[in-house]
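K.L.:
One structure, as structure tokens, below. Some questions next.
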Amino acid sequence: MTKTIKNIISVLLMWSILIFVSYILSFTSIEYQGLPVVYIMTLAVVLIQIISYFHSLIFKTELLFDFIGSLSFISLLAIGLIFMGSSDFNKFLISILLFLWTSRLGLFLLFRRIKAKKDIRLQEYLKTPSKLFVLWNMQAIWIILSSLPIIIVLTSESTHAFGLIEWGGFLVWLIGFIIEILADNQKRNFKITNPSGFINTGLWAYSRHPNYLGEILIWTGIAIISIRYIIGTGYIALISPIFVFILLRYISGAPQLELIANERWGSDEKYINYKKNVGLLFPKIF
């Protein structure tokens, strides 16, 4: 089986997952002219990735990859707000939280990407059109599966008062948001004076990837806020923080950066001790 065929099969599998998840969520989704709004959200996200794929293919660049991801989150959010049937404080709160997170992260990554010239983690995907198409569809999967709690809330007919559960979710989100911002800023400032070194100060003295820990907490908080809107098949939305954890811990986040770090500083005694004493995501207690 050629690599191109494997890539095509991978894309078809990802589309199948998106269709299945959208179908499951459609049972509790509000409708627009007989069409569940969750279908509109999913289709919009996929179309944005496909259009962006052609730009990336023609110009042989992944410059806008992260920025398009943030734009896709905002587009999904906008669709939810436009077609929202009944409103309450929680729906507007969760919308604001998503917008703050994705706009802040999207701009941060875009400016970092422009300064770095290229993202070495994504260069492999630019080699063939089919592999590049896989990359953009992977982003669609990430956006939809991460956003499941938000999709549930915005497409729900029910309303709820802001209570202890929502307070708890907001506090978890806020802690994660602060951690992510601090971690990103600490690393950016460190790299200005130490471009070839590894950071082991600030939050990075307790976690080798505190920014990812912050993101996991962000999606956990959003899932908690959404819990009272979940009914029936909608419980699939609770896979969101689990999916984000697995993605960042085992697939495209920490493993890639750990591999790059090992290539750069794997023989450095200070880095060896750093890895030994500092947890990958969570601080080591003992």
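Going by the structure tokens order, chains are called A, B, ..., each with residues numbered from 1, while ligands are numbered from 1 in the order shown.
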Skipping near chain neighbours, those fewer than 6 positions away, what residues fall within 10 Å of range 78-82 of chain A using only C-alpha atoms, listed as a JSON list (two decimals) with N, CA and C atoms, in the first residue's frame?
P.N.:
```
[["chain", "number", "residue", "atom", "x", "y", "z"],
["A", 30, "ILE", "N", -30.09, 21.87, 18.65],
["A", 30, "ILE", "CA", -31.13, 22.69, 18.03],
["A", 30, "ILE", "C", -30.96, 22.60, 16.52],
["A", 37, "VAL", "N", -27.73, 22.14, 14.05],
["A", 37, "VAL", "CA", -26.68, 23.16, 13.98],
["A", 37, "VAL", "C", -25.29, 22.55, 14.12],
["A", 38, "VAL", "N", -25.18, 21.43, 14.83],
["A", 38, "VAL", "CA", -23.88, 20.79, 14.99],
["A", 38, "VAL", "C", -23.30, 20.38, 13.64],
["A", 40, "ILE", "N", -23.71, 22.07, 10.85],
["A", 40, "ILE", "CA", -23.22, 23.31, 10.26],
["A", 40, "ILE", "C", -21.86, 23.66, 10.84],
["A", 41, "MET", "N", -21.72, 23.50, 12.16],
["A", 41, "MET", "CA", -20.45, 23.78, 12.83],
["A", 41, "MET", "C", -19.32, 22.89, 12.28],
["A", 44, "ALA", "N", -18.39, 23.70, 8.64],
["A", 44, "ALA", "CA", -17.65, 24.96, 8.53],
["A", 44, "ALA", "C", -16.18, 24.76, 8.89],
["A", 72, "SER", "N", -10.75, 28.94, 13.20],
["A", 72, "SER", "CA", -11.76, 27.89, 13.11],
["A", 72, "SER", "C", -12.55, 27.78, 14.41],
["A", 91, "LYS", "N", -23.90, 30.28, 28.80],
["A", 91, "LYS", "CA", -23.60, 30.18, 27.37],
["A", 91, "LYS", "C", -22.71, 31.33, 26.92],
["A", 92, "PHE", "N", -22.99, 32.52, 27.42],
["A", 92, "PHE", "CA", -22.15, 33.65, 27.06],
["A", 92, "PHE", "C", -20.78, 33.57, 27.75],
["A", 95, "SER", "N", -18.60, 31.09, 25.94],
["A", 95, "SER", "CA", -18.21, 31.67, 24.66],
["A", 95, "SER", "C", -17.05, 32.65, 24.84],
["A", 99, "PHE", "N", -13.23, 32.35, 23.37],
["A", 99, "PHE", "CA", -12.69, 33.43, 22.55],
["A", 99, "PHE", "C", -11.38, 33.97, 23.14],
["A", 150, "ILE", "N", -18.48, 22.81, 24.33],
["A", 150, "ILE", "CA", -19.00, 24.10, 23.87],
["A", 150, "ILE", "C", -20.12, 23.89, 22.85],
["A", 151, "ILE", "N", -19.94, 22.91, 21.97],
["A", 151, "ILE", "CA", -20.98, 22.59, 20.99],
["A", 151, "ILE", "C", -22.26, 22.17, 21.71],
["A", 152, "ILE", "N", -22.11, 21.33, 22.74],
["A", 152, "ILE", "CA", -23.26, 20.87, 23.51],
["A", 152, "ILE", "C", -24.01, 22.05, 24.14],
["A", 153, "VAL", "N", -23.26, 22.96, 24.75],
["A", 153, "VAL", "CA", -23.87, 24.10, 25.45],
["A", 153, "VAL", "C", -24.59, 25.03, 24.47],
["A", 154, "LEU", "N", -23.92, 25.39, 23.37],
["A", 154, "LEU", "CA", -24.49, 26.37, 22.45],
["A", 154, "LEU", "C", -25.62, 25.81, 21.61],
["A", 155, "THR", "N", -25.69, 24.49, 21.45],
["A", 155, "THR", "CA", -26.77, 23.89, 20.66],
["A", 155, "THR", "C", -27.86, 23.29, 21.54],
["A", 156, "SER", "N", -27.80, 23.60, 22.83],
["A", 156, "SER", "CA", -28.80, 23.07, 23.76],
["A", 156, "SER", "C", -29.96, 24.06, 23.92]]
```
K.L.:
List the spatial neighbours of range 184-198 of chain A as a PDB file with N, CA and C atoms, in the first residue's frame - criterion: any atom at most 8 Å away, only C-alpha atoms, same-chain residues fewer than 4 positions off excluded.
P.N.:
```pdb
ATOM      1  N   GLU A 180      -0.952  28.844  31.378  1.00  0.00           N
ATOM      2  CA  GLU A 180      -0.538  28.838  29.978  1.00  0.00           C
ATOM      3  C   GLU A 180       0.105  30.165  29.578  1.00  0.00           C
ATOM      4  N   GLY A 202      11.122  29.433  36.576  1.00  0.00           N
ATOM      5  CA  GLY A 202       9.705  29.763  36.627  1.00  0.00           C
ATOM      6  C   GLY A 202       8.851  28.504  36.724  1.00  0.00           C
ATOM      7  N   LEU A 203       7.752  28.476  36.006  1.00  0.00           N
ATOM      8  CA  LEU A 203       6.897  27.287  36.001  1.00  0.00           C
ATOM      9  C   LEU A 203       7.602  26.086  35.400  1.00  0.00           C
ATOM     10  N   ASN A 211       2.840  24.834  29.775  1.00  0.00           N
ATOM     11  CA  ASN A 211       1.835  25.408  28.864  1.00  0.00           C
ATOM     12  C   ASN A 211       0.799  24.353  28.471  1.00  0.00           C
ATOM     13  N   TYR A 271      20.654  18.916  31.602  1.00  0.00           N
ATOM     14  CA  TYR A 271      19.349  18.548  31.042  1.00  0.00           C
ATOM     15  C   TYR A 271      18.935  17.162  31.523  1.00  0.00           C
TER      16      TYR A 271
END
```
K.L.:
Determine, using only C-alpha atoms, which residues of range 50-146 of chain A have any atom at most 12 Å from an atom of range 212-227 of chain A, and tabulate each with its shortest atom pair and distance in Å to one decimal place, rows ordered by chain and then rising number, as CSV.
P.N.:
```
residue,atom,partner,partner_atom,distance
A:Phe89,CA,A:Ile225,CA,11.2
A:Asn90,CA,A:Ile225,CA,7.5
A:Lys91,CA,A:Ser226,CA,8.8
A:Phe92,CA,A:Ile225,CA,11.5
A:Leu93,CA,A:Ile225,CA,9.2
A:Ile94,CA,A:Ile222,CA,6.8
A:Ser95,CA,A:Ile222,CA,9.8
A:Ile96,CA,A:Ile222,CA,11.1
A:Leu97,CA,A:Ile222,CA,8.2
A:Leu98,CA,A:Ile222,CA,8.4
A:Leu100,CA,A:Ile218,CA,11.1
A:Trp101,CA,A:Ile218,CA,8.4
A:Thr102,CA,A:Glu215,CA,10.7
A:Leu105,CA,A:Glu215,CA,10.2
A:Ile143,CA,A:Trp219,CA,11.7
A:Leu145,CA,A:Trp219,CA,10.8
A:Ser146,CA,A:Trp219,CA,7.3
```
K.L.:
Would you mind writing down, as a PyMOL selection string, each residue of range 90-238 of chain A that DSSP on the backbone assigns to helix (DSSP H, G or I)?
P.N.:
chain A and resi 90-116+123-126+129-146+148-154+164-193+202-205+210-229+232-238
K.L.:
Just give me the gap between CA of Phe243 in chain A and CA of Asn137 in chain A in Å, one decimal is fine.
P.N.:
16.0 Å
K.L.:
May I ask for the distance between CA of Ala237 in chain A and CA of Leu164 in chain A, given in Å to one decimal place?
P.N.:
20.3 Å
K.L.:
So which residues touch Phe111 in chain A within 12 Å, counting only C-alpha atoms, skipping near sequence neighbours fewer than 4 positions away, as a PyMOL selection string?
P.N.:
chain A and resi 63-64+66-67+104-107+115-118+188
K.L.:
Using only C-alpha atoms, which residues sit within 10 Å of range 10-19 of chain A once same-chain residues fewer than 6 positions away are excluded, as a PyMOL selection string?
P.N.:
chain A and resi 4+25+39+42-43+46+130-131+133-138+140-141+144-145
K.L.:
Taking into account only C-alpha atoms, which residue in the set A:Gln123, A:Ser29, A:Gln139, A:Thr201 is nearest to Ser86 in chain A?
P.N.:
A:Ser29
K.L.:
What is the distance, in Å and to one decimal place, between CA of Leu57 in chain A and CA of Ser70 in chain A?
P.N.:
19.7 Å
K.L.:
Select, from A:Ile199, A:Ile58, A:Ala261, A:Ile114, the residue with the minimum atom-to-atom distance to Thr128 in chain A, counting only C-alpha atoms.
P.N.:
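Closest candidate: A:Ile58.
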K.L.:
Show me, as a list in words, the residues that have an atom within 9 Å of Asn200 in chain A when counting only C-alpha atoms, minus same-chain residues fewer than 6 positions from it.
P.N.:
Tyr206, Ser207, Arg208, Tyr271 and Tyr274 of chain A
K.L.:
Nearest residue to Leu35 in chain A out of A:Gly176, A:Phe83, A:Ile9, A:Ser52, using only C-alpha atoms?
P.N.:
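Between A:Gly176, A:Phe83, A:Ile9, A:Ser52, the residue approaching Leu35 in chain A most closely is A:Phe83.
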